[in-house]
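Reading through the structure tokens given below for one structure.
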Amino acid sequence: MTPALVCLAGWSAGVMMAMVAMPAEPAVGAAALAGSAVALCLALVVRPAAIGLALAASLLGIARAEVPAGDPTAAARAPALAGMQVMFDGRVADDPRLLAGSIELVVAPERLVTPSGPLAPAGQIVALVRGSPAVAIDDHVQVAGRLDLPRDQPGFDRRALLAQKGAYLEIRGARLSVLGHASGARELPGWLRDRYREAIGDLLPPPHSDVLVGVVLGIRTGVPPALQNDLVATGLVHLLVLSGLKVAVFARLVTWALKPLLGRAATVPALVLIALYALAGGATPAAVRAAAMGGLTLIASQLGRPTHVWTSLAAVAAAMLGWRPELTWDAGFQLSFAGTAAIVLLTPSIERRLHWMPGWVREPFAVTCAAQIGTVPLMATDFHLLSPVAPIANAAVLPLLPAMVAAGLMIAPLSAAPDVARLFAVPLTGLLAYLEQVAAILARVPAAALPAPVFSARSGVAYYAALGGVIGAARSEGSLRRTALAAGILVPLLVGAAEMIAWARPDSSAAVLGVGQGQAVLLSGPAGYVLVDGGASPARLADALGARLPPWVRSFQGLVITGAGLGNVGGLAGLAYSTTTVLVPEGNPQGSAWRSAALAAAARGARIRGAHAGQRISLAGLTFEMLSPEPRAPGPGQLAFRVTGPDGRSFCDLADLDSEGQTDAAARLRGPCGALLLPGGGRSAPAPEFMARARPSQLLVSDAGGQIARDLPRGELLRTSQEGTIVIPL
């Protein structure tokens, strides 16, 4: 390991440790200094000449950690603005992020106007705008729409990622007006990107034109959703990302064109063009990483120095994290660096074992296998699937990728001569059609894409510890080999033991499960588990329960059926868990689905019990206070309740009570609701009488991503369509 690598790694570690703490805490500087001090000590041992670099890294790490994070009150003021219709002027603070059918802008507002008057902005605002408006970084824009707290995504804390950028609010379906475009050099990448897309759109028919823009620039806006799904399922979606291979092809074309004219002086313009290429591709983390490593290779070649991939990788990672620490949470950054490291580490050994394959197939097959092995936890968490056919698909396509990229880069200038360009486009269209057909055919192979569970942080540590142990053992001998094997075995075992202990002693909680339509709640108490409803889909319920319950738990202390609707009981069909007690609304609700679920539980030994308002029932160490239906009600009703945990924290479920039923339930309420699950998927606001008595600090919605009521009270609103399963401590 070189001194530069040691120092840069120390700087990177210092910056990452500093990100964990809040900038106002004294520990931030100490954390950054600690990481850099380690680098300094190692540099003293390895090479005294590196002391200066280590000291500079220390100071930079501390300075970066202590930089003020903007307005410290913005995060606290943002929830008060949620739900307001606003209009504001501001400047686009980051490169627009292209999505399917829309773009995502981060805007720094200069002034904020509401129907009741101007207000102070609370940090930057994310605007999601339909279509592909001509807007770029530093443009002056006007945005109008409804402010909301940023939506999370199941398994991904998007809200935390945006907070790292200083954005605490967003507008979905925003109305955008461009008041003025940026001028100067910052306008050039966007202009080049737009001209390229126009030229390709005139020469190639869709979807081939959209696929080519994705292959060359890494921009997949416009690629049909069905084709994108096929590319994801076959592990070919990385072809629509600006990768190191594409940068290498671009750099080779540029140097080939410039060297006859400029000789050794071609390096500087080549570096400028590579940077411009990355910017035209949207400056994604993968593009920046590839362009930076390609630039380092060119500089080393100019200086007559050898290149070292690990030094380059560490230098680029440290620089990117030092400039933008929030990239730590970016999936593209994680996949790019983990995949590159895995390819460097694993490809040679895999390729040696595939000597029987033809060379043109062996290398891409080995590269894909290495990348998949190195990114299993990330792929499972970000895409929720693994693709066994990916090595075959990549072996069939990757040998042709340089030709696609080179032809795609050269065809745009040829558009000045349309007849020549159209002739050149014929074989290029054939290559793109081949790529699309490989994805379409292999995506339909049985088990082409296997669903994968989200890896917890501890599971990820166990996986990489085992993988590191295997690699270390394969590359060492004697005591080092035994140490690597021991680490690769013991660390996963210790992590697994910690997971088992956590499972065996679960904290009391209410988990609103992400089951799509309808609702399902898993209550965890000191004496076991209680399931409330099951959503509409048995498969979705089984997946959600499998992710929350220990594998040895096959029974519940109670099953609560709040109503007879399909969204309550549809998922209970064929439930693989037994139960001790089944609670149903008193009054014999209509419908047969709930009866089937209750009778199936009774056949396995459960006791069916009717419940009504005013009762207090204990299940699994939790106390249920029934809020409806009223005793001896003239018609069937919904079973609403308030449940309290050992620590006194509470959770309320209003089932699908109408406004009149909620008013009656308010009279039965004997304490506040710490968290309230809104009835009817949040399509209407709760009755004011109930809200006045409940005073919930959190509002929860179990939904499939549809519209919710606009008049919901302000405060923390969490939706399963955005957050996945929502866990509330009891």
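Within each chain, counting starts at residue 1; across the structure tokens, chains are named A, B, ... in the order shown, with ligands numbered 1 upward in that order.
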
Picked from segment 567-651 of chain A by DSSP as strand (DSSP E or B), as a PyMOL selection string
chain A and resi 578-585+607-611+616-619+622-628+640-644+650-651

Show me, as an MDAnalysis selection string, the residues that have an atom within 8 Å of Val129 of chain A when counting only C-alpha atoms, minus same-chain residues fewer than 3 positions from it.
chainID A and resid 102:105 132 172:176

Dump all heavy atoms for the selected residues as a CSV table (one decimal), in the first residue's frame?
```csv
chain,number,residue,atom,x,y,z
A,102,SER,N,-40.0,12.5,-16.5
A,102,SER,CA,-40.0,13.7,-15.7
A,102,SER,C,-38.5,14.0,-15.3
A,102,SER,O,-37.6,13.2,-15.6
A,102,SER,CB,-40.8,13.6,-14.4
A,102,SER,OG,-40.3,12.6,-13.6
A,103,ILE,N,-38.3,15.2,-14.7
A,103,ILE,CA,-37.0,15.5,-14.2
A,103,ILE,C,-37.1,15.9,-12.7
A,103,ILE,O,-38.1,16.4,-12.3
A,103,ILE,CB,-36.3,16.6,-15.0
A,103,ILE,CG1,-37.1,17.9,-14.9
A,103,ILE,CG2,-36.1,16.2,-16.4
A,103,ILE,CD1,-36.4,19.1,-15.5
A,104,GLU,N,-36.0,15.8,-12.0
A,104,GLU,CA,-35.9,16.2,-10.6
A,104,GLU,C,-34.9,17.3,-10.5
A,104,GLU,O,-33.8,17.1,-10.8
A,104,GLU,CB,-35.5,15.0,-9.7
A,104,GLU,CG,-35.4,15.3,-8.2
A,104,GLU,CD,-35.0,14.1,-7.4
A,104,GLU,OE1,-35.8,13.2,-7.1
A,104,GLU,OE2,-33.8,14.0,-7.1
A,105,LEU,N,-35.4,18.4,-9.9
A,105,LEU,CA,-34.6,19.6,-9.8
A,105,LEU,C,-34.4,19.9,-8.3
A,105,LEU,O,-35.3,19.7,-7.5
A,105,LEU,CB,-35.2,20.8,-10.4
A,105,LEU,CG,-35.5,20.8,-11.9
A,105,LEU,CD1,-36.2,22.0,-12.4
A,105,LEU,CD2,-34.2,20.6,-12.7
A,132,SER,N,-39.7,17.0,-20.2
A,132,SER,CA,-38.2,17.2,-20.3
A,132,SER,C,-38.0,18.7,-20.6
A,132,SER,O,-37.5,19.0,-21.7
A,132,SER,CB,-37.6,16.3,-21.3
A,132,SER,OG,-37.8,14.9,-21.0
A,172,ARG,N,-44.3,17.7,-6.0
A,172,ARG,CA,-44.5,16.7,-7.0
A,172,ARG,C,-45.5,17.3,-8.0
A,172,ARG,O,-46.4,17.9,-7.7
A,172,ARG,CB,-45.0,15.4,-6.4
A,172,ARG,CG,-44.1,14.9,-5.3
A,172,ARG,CD,-44.5,13.5,-4.9
A,172,ARG,NE,-44.1,12.5,-5.8
A,172,ARG,CZ,-42.9,11.9,-5.9
A,172,ARG,NH1,-42.0,12.2,-5.1
A,172,ARG,NH2,-42.6,11.0,-6.8
A,173,GLY,N,-45.2,17.1,-9.3
A,173,GLY,CA,-46.0,17.7,-10.3
A,173,GLY,C,-45.9,19.2,-10.3
A,173,GLY,O,-46.9,19.9,-10.5
A,174,ALA,N,-44.7,19.7,-10.1
A,174,ALA,CA,-44.5,21.1,-10.0
A,174,ALA,C,-44.7,21.8,-11.4
A,174,ALA,O,-44.4,21.2,-12.5
A,174,ALA,CB,-43.0,21.4,-9.5
A,175,ARG,N,-45.1,23.0,-11.4
A,175,ARG,CA,-45.2,23.9,-12.6
A,175,ARG,C,-44.0,24.8,-12.6
A,175,ARG,O,-43.6,25.5,-11.7
A,175,ARG,CB,-46.5,24.7,-12.5
A,175,ARG,CG,-47.7,23.9,-12.4
A,175,ARG,CD,-49.0,24.7,-12.4
A,175,ARG,NE,-49.1,25.6,-11.3
A,175,ARG,CZ,-49.5,25.2,-10.1
A,175,ARG,NH1,-49.9,23.9,-9.9
A,175,ARG,NH2,-49.6,26.1,-9.1
A,176,LEU,N,-43.3,24.7,-13.8
A,176,LEU,CA,-41.9,25.3,-13.9
A,176,LEU,C,-41.9,26.3,-15.0
A,176,LEU,O,-42.4,26.1,-16.1
A,176,LEU,CB,-40.9,24.2,-14.2
A,176,LEU,CG,-39.5,24.7,-14.4
A,176,LEU,CD1,-38.8,25.1,-13.1
A,176,LEU,CD2,-38.6,23.6,-15.1
```

Using only C-alpha atoms, find each residue of segment 435-490 of chain A with at least one atom at most 9 Å away from an atom of segment 389-411 of chain A; report its shortest atom-to-atom pair and that distance in Å (one decimal), sort the rows by chain and rising residue number, and return the result as a Markdown table.
```
| residue | atom | partner | partner_atom | distance |
| --- | --- | --- | --- | --- |
| A:Leu435 | CA | A:Val397 | CA | 6.4 |
| A:Val438 | CA | A:Ala393 | CA | 6.7 |
| A:Ala439 | CA | A:Ala393 | CA | 7.2 |
| A:Leu442 | CA | A:Val389 | CA | 7.0 |
| A:Ala443 | CA | A:Val389 | CA | 8.2 |
| A:Val445 | CA | A:Val389 | CA | 8.3 |
| A:Ala447 | CA | A:Val389 | CA | 8.5 |
| A:Ala448 | CA | A:Val389 | CA | 5.6 |
| A:Ala449 | CA | A:Val389 | CA | 7.7 |
```

Residues near Pro492 of chain A, cut-off 10 Å, only C-alpha atoms, skip fewer than 3 positions along chain, as a ChimeraX atom specification
/A:458-466,487-489,495-498

The residue from A:Leu242, A:Val92, A:Leu262, A:Ala76 with the smallest atom-to-atom distance to Pro121 of chain A, counting only C-alpha atoms, is A:Ala76

Shell around segment 225-231 of chain A at 9 Å using only C-alpha atoms, local window under 6 positions removed, as a ChimeraX atom specification
/A:100,237-239,436,439-444

Segment 100-152 of chain A near segment 177-182 of chain A within 10 Å: what's each residue's closest atom pair and its distance in Å to one decimal, counting only C-alpha atoms, ordered by chain then ascending residue number, as a tab-separated table?
```
residue	atom	partner	partner_atom	distance
A:Pro133	CA	A:Val178	CA	8.9
A:Ala134	CA	A:Val178	CA	8.2
A:Val135	CA	A:Val178	CA	7.1
A:Ala136	CA	A:Ala182	CA	7.4
A:Ile137	CA	A:Ala182	CA	7.2
A:Asp138	CA	A:Ala182	CA	5.4
A:Asp139	CA	A:His181	CA	4.5
A:His140	CA	A:Gly180	CA	4.9
A:Val141	CA	A:Val178	CA	4.4
A:Gln142	CA	A:Ser177	CA	5.1
A:Val143	CA	A:Ser177	CA	6.5
A:Ala144	CA	A:Ser177	CA	8.8
```

Every residue of segment 508-604 of chain A that DSSP places in alpha helix (DSSP H), as number ranges by chain
A: 538-548, 566-569, 593-603

Atoms to include: N, CA, C and O atoms. Write the selected residues as an mmCIF file, in the first residue's frame.
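Final file, again-v3.cif:
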```cif
data_model
loop_
_atom_site.group_PDB
_atom_site.id
_atom_site.type_symbol
_atom_site.label_atom_id
_atom_site.label_comp_id
_atom_site.auth_asym_id
_atom_site.auth_seq_id
_atom_site.Cartn_x
_atom_site.Cartn_y
_atom_site.Cartn_z
ATOM 1 N N PRO A 538 -52.255 -12.346 -0.246
ATOM 2 C CA PRO A 538 -51.537 -13.322 0.586
ATOM 3 C C PRO A 538 -50.026 -13.309 0.357
ATOM 4 O O PRO A 538 -49.245 -13.464 1.303
ATOM 5 N N ALA A 539 -49.592 -13.126 -0.901
ATOM 6 C CA ALA A 539 -48.156 -13.126 -1.188
ATOM 7 C C ALA A 539 -47.470 -11.926 -0.540
ATOM 8 O O ALA A 539 -46.381 -12.055 0.044
ATOM 9 N N ARG A 540 -48.094 -10.737 -0.640
ATOM 10 C CA ARG A 540 -47.490 -9.544 -0.033
ATOM 11 C C ARG A 540 -47.436 -9.688 1.491
ATOM 12 O O ARG A 540 -46.457 -9.284 2.130
ATOM 13 N N LEU A 541 -48.484 -10.263 2.079
ATOM 14 C CA LEU A 541 -48.487 -10.455 3.527
ATOM 15 C C LEU A 541 -47.400 -11.440 3.941
ATOM 16 O O LEU A 541 -46.677 -11.210 4.923
ATOM 17 N N ALA A 542 -47.257 -12.542 3.199
ATOM 18 C CA ALA A 542 -46.232 -13.534 3.539
ATOM 19 C C ALA A 542 -44.835 -12.923 3.471
ATOM 20 O O ALA A 542 -43.984 -13.175 4.333
ATOM 21 N N ASP A 543 -44.575 -12.094 2.442
ATOM 22 C CA ASP A 543 -43.267 -11.447 2.319
ATOM 23 C C ASP A 543 -43.015 -10.499 3.489
ATOM 24 O O ASP A 543 -41.912 -10.461 4.055
ATOM 25 N N ALA A 544 -44.026 -9.716 3.843
ATOM 26 C CA ALA A 544 -43.856 -8.738 4.924
ATOM 27 C C ALA A 544 -43.641 -9.424 6.262
ATOM 28 O O ALA A 544 -42.796 -9.005 7.063
ATOM 29 N N LEU A 545 -44.395 -10.487 6.533
ATOM 30 C CA LEU A 545 -44.212 -11.213 7.795
ATOM 31 C C LEU A 545 -42.860 -11.919 7.831
ATOM 32 O O LEU A 545 -42.196 -11.953 8.876
ATOM 33 N N GLY A 546 -42.435 -12.473 6.696
ATOM 34 C CA GLY A 546 -41.140 -13.142 6.654
ATOM 35 C C GLY A 546 -39.984 -12.200 6.937
ATOM 36 O O GLY A 546 -38.969 -12.605 7.497
ATOM 37 N N ALA A 547 -40.148 -10.933 6.552
ATOM 38 C CA ALA A 547 -39.087 -9.959 6.807
ATOM 39 C C ALA A 547 -39.063 -9.491 8.254
ATOM 40 O O ALA A 547 -38.029 -9.006 8.725
ATOM 41 N N ARG A 548 -40.188 -9.630 8.985
ATOM 42 C CA ARG A 548 -40.266 -9.105 10.343
ATOM 43 C C ARG A 548 -40.128 -10.181 11.419
ATOM 44 O O ARG A 548 -39.628 -9.899 12.514
ATOM 45 N N LEU A 566 -62.175 -6.683 1.677
ATOM 46 C CA LEU A 566 -61.102 -7.448 1.070
ATOM 47 C C LEU A 566 -59.743 -6.921 1.512
ATOM 48 O O LEU A 566 -58.785 -7.688 1.686
ATOM 49 N N GLY A 567 -59.619 -5.608 1.719
ATOM 50 C CA GLY A 567 -58.360 -5.033 2.169
ATOM 51 C C GLY A 567 -58.002 -5.401 3.593
ATOM 52 O O GLY A 567 -56.869 -5.193 4.026
ATOM 53 N N ASN A 568 -58.964 -5.961 4.341
ATOM 54 C CA ASN A 568 -58.692 -6.420 5.700
ATOM 55 C C ASN A 568 -58.343 -7.901 5.752
ATOM 56 O O ASN A 568 -57.457 -8.310 6.511
ATOM 57 N N VAL A 569 -59.035 -8.706 4.970
ATOM 58 C CA VAL A 569 -58.936 -10.157 5.141
ATOM 59 C C VAL A 569 -58.472 -10.902 3.902
ATOM 60 O O VAL A 569 -58.225 -12.106 3.977
ATOM 61 N N ALA A 593 -65.362 -13.899 3.468
ATOM 62 C CA ALA A 593 -63.904 -13.993 3.508
ATOM 63 C C ALA A 593 -63.399 -13.998 4.947
ATOM 64 O O ALA A 593 -62.520 -14.786 5.304
ATOM 65 N N TRP A 594 -63.981 -13.123 5.792
ATOM 66 C CA TRP A 594 -63.507 -13.082 7.180
ATOM 67 C C TRP A 594 -63.895 -14.352 7.921
ATOM 68 O O TRP A 594 -63.160 -14.829 8.786
ATOM 69 N N ARG A 595 -65.063 -14.904 7.557
ATOM 70 C CA ARG A 595 -65.488 -16.155 8.204
ATOM 71 C C ARG A 595 -64.514 -17.280 7.853
ATOM 72 O O ARG A 595 -64.157 -18.100 8.718
ATOM 73 N N SER A 596 -64.103 -17.324 6.586
ATOM 74 C CA SER A 596 -63.165 -18.373 6.179
ATOM 75 C C SER A 596 -61.856 -18.259 6.949
ATOM 76 O O SER A 596 -61.297 -19.262 7.410
ATOM 77 N N ALA A 597 -61.365 -17.037 7.110
ATOM 78 C CA ALA A 597 -60.112 -16.839 7.843
ATOM 79 C C ALA A 597 -60.273 -17.222 9.301
ATOM 80 O O ALA A 597 -59.405 -17.891 9.888
ATOM 81 N N ALA A 598 -61.396 -16.812 9.917
ATOM 82 C CA ALA A 598 -61.618 -17.119 11.331
ATOM 83 C C ALA A 598 -61.817 -18.616 11.545
ATOM 84 O O ALA A 598 -61.275 -19.204 12.500
ATOM 85 N N LEU A 599 -62.573 -19.261 10.662
ATOM 86 C CA LEU A 599 -62.815 -20.696 10.816
ATOM 87 C C LEU A 599 -61.539 -21.501 10.577
ATOM 88 O O LEU A 599 -61.316 -22.534 11.217
ATOM 89 N N ALA A 600 -60.684 -21.037 9.635
ATOM 90 C CA ALA A 600 -59.412 -21.729 9.417
ATOM 91 C C ALA A 600 -58.540 -21.655 10.663
ATOM 92 O O ALA A 600 -57.883 -22.635 11.043
ATOM 93 N N ALA A 601 -58.556 -20.501 11.341
ATOM 94 C CA ALA A 601 -57.795 -20.376 12.592
ATOM 95 C C ALA A 601 -58.400 -21.249 13.677
ATOM 96 O O ALA A 601 -57.681 -21.874 14.468
ATOM 97 N N ALA A 602 -59.746 -21.309 13.737
ATOM 98 C CA ALA A 602 -60.409 -22.138 14.746
ATOM 99 C C ALA A 602 -60.098 -23.616 14.536
ATOM 100 O O ALA A 602 -59.953 -24.377 15.503
ATOM 101 N N ALA A 603 -59.997 -24.032 13.260
ATOM 102 C CA ALA A 603 -59.680 -25.431 12.977
ATOM 103 C C ALA A 603 -58.287 -25.805 13.481
ATOM 104 O O ALA A 603 -58.002 -26.989 13.706
#
```

Within 12 Å of Leu147 of chain A, counting only C-alpha atoms, which residues show up once you throw out same-chain ones fewer than 5 positions away? Write them as a JSON list (two decimals) with N, CA and C atoms, in the first residue's frame, please.
```json
[["chain", "number", "residue", "atom", "x", "y", "z"],
["A", 78, "ALA", "N", -39.28, 23.17, 8.28],
["A", 78, "ALA", "CA", -39.87, 22.60, 7.06],
["A", 78, "ALA", "C", -41.24, 21.97, 7.28],
["A", 79, "PRO", "N", -41.47, 21.16, 8.35],
["A", 79, "PRO", "CA", -42.80, 20.54, 8.50],
["A", 79, "PRO", "C", -43.95, 21.53, 8.57],
["A", 80, "ALA", "N", -43.69, 22.74, 9.08],
["A", 80, "ALA", "CA", -44.76, 23.74, 9.17],
["A", 80, "ALA", "C", -45.18, 24.24, 7.79],
["A", 81, "LEU", "N", -44.31, 24.10, 6.79],
["A", 81, "LEU", "CA", -44.64, 24.55, 5.43],
["A", 81, "LEU", "C", -45.30, 23.45, 4.61],
["A", 82, "ALA", "N", -45.21, 22.20, 5.07],
["A", 82, "ALA", "CA", -45.78, 21.08, 4.31],
["A", 82, "ALA", "C", -47.28, 21.26, 4.15],
["A", 83, "GLY", "N", -47.79, 21.02, 2.95],
["A", 83, "GLY", "CA", -49.21, 21.15, 2.66],
["A", 83, "GLY", "C", -49.60, 22.49, 2.08],
["A", 84, "MET", "N", -48.69, 23.46, 2.03],
["A", 84, "MET", "CA", -49.01, 24.80, 1.53],
["A", 84, "MET", "C", -48.81, 24.88, 0.02],
["A", 85, "GLN", "N", -49.70, 25.63, -0.65],
["A", 85, "GLN", "CA", -49.52, 25.97, -2.04],
["A", 85, "GLN", "C", -48.60, 27.19, -2.11],
["A", 86, "VAL", "N", -47.52, 27.09, -2.86],
["A", 86, "VAL", "CA", -46.52, 28.15, -2.88],
["A", 86, "VAL", "C", -46.07, 28.44, -4.31],
["A", 87, "MET", "N", -45.42, 29.59, -4.44],
["A", 87, "MET", "CA", -44.71, 29.95, -5.66],
["A", 87, "MET", "C", -43.39, 30.59, -5.23],
["A", 88, "PHE", "N", -42.31, 30.21, -5.87],
["A", 88, "PHE", "CA", -41.03, 30.79, -5.47],
["A", 88, "PHE", "C", -40.10, 30.91, -6.68],
["A", 112, "LEU", "N", -40.30, 33.05, -1.13],
["A", 112, "LEU", "CA", -41.38, 32.06, -1.09],
["A", 112, "LEU", "C", -42.69, 32.81, -0.84],
["A", 113, "VAL", "N", -43.66, 32.61, -1.74],
["A", 113, "VAL", "CA", -44.94, 33.31, -1.62],
["A", 113, "VAL", "C", -46.06, 32.29, -1.47],
["A", 114, "THR", "N", -46.93, 32.49, -0.48],
["A", 114, "THR", "CA", -48.10, 31.65, -0.24],
["A", 114, "THR", "C", -49.36, 32.51, -0.39],
["A", 121, "PRO", "N", -38.01, 30.83, 3.25],
["A", 121, "PRO", "CA", -37.78, 29.45, 2.82],
["A", 121, "PRO", "C", -37.12, 28.62, 3.91],
["A", 122, "ALA", "N", -37.32, 27.30, 3.84],
["A", 122, "ALA", "CA", -36.70, 26.37, 4.79],
["A", 122, "ALA", "C", -35.80, 25.41, 4.01],
["A", 124, "GLN", "N", -33.36, 24.13, 0.70],
["A", 124, "GLN", "CA", -33.62, 23.96, -0.73],
["A", 124, "GLN", "C", -34.87, 23.11, -0.92],
["A", 125, "ILE", "N", -35.42, 23.15, -2.13],
["A", 125, "ILE", "CA", -36.66, 22.46, -2.44],
["A", 125, "ILE", "C", -36.45, 21.59, -3.67],
["A", 126, "VAL", "N", -36.90, 20.34, -3.59],
["A", 126, "VAL", "CA", -36.84, 19.42, -4.72],
["A", 126, "VAL", "C", -38.13, 19.57, -5.52],
["A", 127, "ALA", "N", -38.00, 19.83, -6.82],
["A", 127, "ALA", "CA", -39.17, 19.97, -7.69],
["A", 127, "ALA", "C", -39.15, 18.86, -8.73],
["A", 128, "LEU", "N", -40.23, 18.08, -8.78],
["A", 128, "LEU", "CA", -40.36, 17.03, -9.78],
["A", 128, "LEU", "C", -41.30, 17.54, -10.86],
["A", 167, "ALA", "N", -32.05, 19.88, 1.45],
["A", 167, "ALA", "CA", -33.42, 19.93, 0.92],
["A", 167, "ALA", "C", -34.34, 19.18, 1.87],
["A", 168, "TYR", "N", -35.36, 19.87, 2.38],
["A", 168, "TYR", "CA", -36.26, 19.28, 3.37],
["A", 168, "TYR", "C", -37.72, 19.25, 2.90],
["A", 169, "LEU", "N", -37.98, 19.78, 1.70],
["A", 169, "LEU", "CA", -39.34, 19.82, 1.15],
["A", 169, "LEU", "C", -39.27, 19.47, -0.33],
["A", 170, "GLU", "N", -40.40, 19.04, -0.88],
["A", 170, "GLU", "CA", -40.46, 18.77, -2.30],
["A", 170, "GLU", "C", -41.83, 19.13, -2.85],
["A", 171, "ILE", "N", -41.89, 19.31, -4.16],
["A", 171, "ILE", "CA", -43.14, 19.56, -4.87],
["A", 171, "ILE", "C", -43.23, 18.53, -5.98],
["A", 172, "ARG", "N", -44.26, 17.71, -5.95],
["A", 172, "ARG", "CA", -44.47, 16.71, -7.00],
["A", 172, "ARG", "C", -45.46, 17.27, -8.01],
["A", 173, "GLY", "N", -45.19, 17.06, -9.29],
["A", 173, "GLY", "CA", -46.02, 17.66, -10.33],
["A", 173, "GLY", "C", -45.90, 19.17, -10.34],
["A", 174, "ALA", "N", -44.68, 19.68, -10.14],
["A", 174, "ALA", "CA", -44.46, 21.12, -10.05],
["A", 174, "ALA", "C", -44.66, 21.78, -11.41],
["A", 710, "ARG", "N", -56.21, 16.00, 1.00],
["A", 710, "ARG", "CA", -55.42, 17.23, 1.06],
["A", 710, "ARG", "C", -55.59, 17.97, 2.36],
["A", 714, "ARG", "N", -51.42, 18.87, 9.56],
["A", 714, "ARG", "CA", -49.98, 18.94, 9.36],
["A", 714, "ARG", "C", -49.26, 18.19, 10.47]]
```

Near-Gly518 of chain A list (10 Å; only C-alpha atoms; drop same-chain fewer than 4 positions) as number ranges by chain:
A: 514, 533-537, 565-571, 655-656, 679-681, 701-704

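Residue nearest Asp507 of chain A, chosen from A:Ala527, A:Ala366, A:Val316, A:Leu431 and counting only C-alpha atoms: A:Ala527.
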
Residues within 8 Å of Arg159 of chain A, please, as number ranges by chain. Count only C-alpha atoms; anything in the same chain fewer than 4 positions from it doesn't count.
A: 150-152, 163, 168

Resulting file, chosen residues, all heavy atoms, as an mmCIF file, in the first residue's frame:
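Output below, filename selection28.cif:
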```cif
data_model
loop_
_atom_site.group_PDB
_atom_site.id
_atom_site.type_symbol
_atom_site.label_atom_id
_atom_site.label_comp_id
_atom_site.auth_asym_id
_atom_site.auth_seq_id
_atom_site.Cartn_x
_atom_site.Cartn_y
_atom_site.Cartn_z
ATOM 1 N N PRO A 150 -40.396 15.253 1.762
ATOM 2 C CA PRO A 150 -39.932 14.324 0.723
ATOM 3 C C PRO A 150 -40.419 12.903 0.968
ATOM 4 O O PRO A 150 -40.435 12.423 2.101
ATOM 5 C CB PRO A 150 -38.399 14.410 0.825
ATOM 6 C CG PRO A 150 -38.139 15.740 1.434
ATOM 7 C CD PRO A 150 -39.280 15.983 2.380
ATOM 8 N N ARG A 151 -40.805 12.251 -0.099
ATOM 9 C CA ARG A 151 -41.229 10.854 -0.008
ATOM 10 C C ARG A 151 -40.021 9.957 0.160
ATOM 11 O O ARG A 151 -39.016 10.109 -0.533
ATOM 12 C CB ARG A 151 -41.988 10.437 -1.271
ATOM 13 C CG ARG A 151 -43.325 11.128 -1.454
ATOM 14 C CD ARG A 151 -44.063 10.524 -2.630
ATOM 15 N NE ARG A 151 -45.353 11.167 -2.842
ATOM 16 C CZ ARG A 151 -46.223 10.797 -3.785
ATOM 17 N NH1 ARG A 151 -45.911 9.797 -4.588
ATOM 18 N NH2 ARG A 151 -47.368 11.426 -3.916
ATOM 19 N N ASP A 152 -40.154 9.033 1.064
ATOM 20 C CA ASP A 152 -39.153 7.976 1.172
ATOM 21 C C ASP A 152 -39.519 6.856 0.215
ATOM 22 O O ASP A 152 -40.583 6.854 -0.407
ATOM 23 C CB ASP A 152 -39.081 7.441 2.606
ATOM 24 C CG ASP A 152 -38.039 8.186 3.435
ATOM 25 O OD1 ASP A 152 -37.287 8.987 2.854
ATOM 26 O OD2 ASP A 152 -37.991 7.967 4.646
ATOM 27 N N ALA A 163 -31.749 15.499 2.823
ATOM 28 C CA ALA A 163 -31.365 16.390 3.920
ATOM 29 C C ALA A 163 -29.871 16.683 3.875
ATOM 30 O O ALA A 163 -29.432 17.775 4.252
ATOM 31 C CB ALA A 163 -31.747 15.777 5.263
ATOM 32 N N TYR A 168 -35.359 19.870 2.380
ATOM 33 C CA TYR A 168 -36.263 19.282 3.372
ATOM 34 C C TYR A 168 -37.719 19.255 2.899
ATOM 35 O O TYR A 168 -38.588 18.771 3.611
ATOM 36 C CB TYR A 168 -36.178 20.070 4.683
ATOM 37 C CG TYR A 168 -34.777 20.209 5.199
ATOM 38 C CD1 TYR A 168 -34.050 21.383 5.018
ATOM 39 C CD2 TYR A 168 -34.140 19.149 5.841
ATOM 40 C CE1 TYR A 168 -32.748 21.510 5.478
ATOM 41 C CE2 TYR A 168 -32.836 19.261 6.300
ATOM 42 C CZ TYR A 168 -32.150 20.448 6.115
ATOM 43 O OH TYR A 168 -30.863 20.564 6.564
#
```

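Between Thr720 of chain A and the candidates A:Ala314, A:Val512, A:Val560, A:Val211, the tightest atom-to-atom separation, counting only C-alpha atoms, involves A:Val512.
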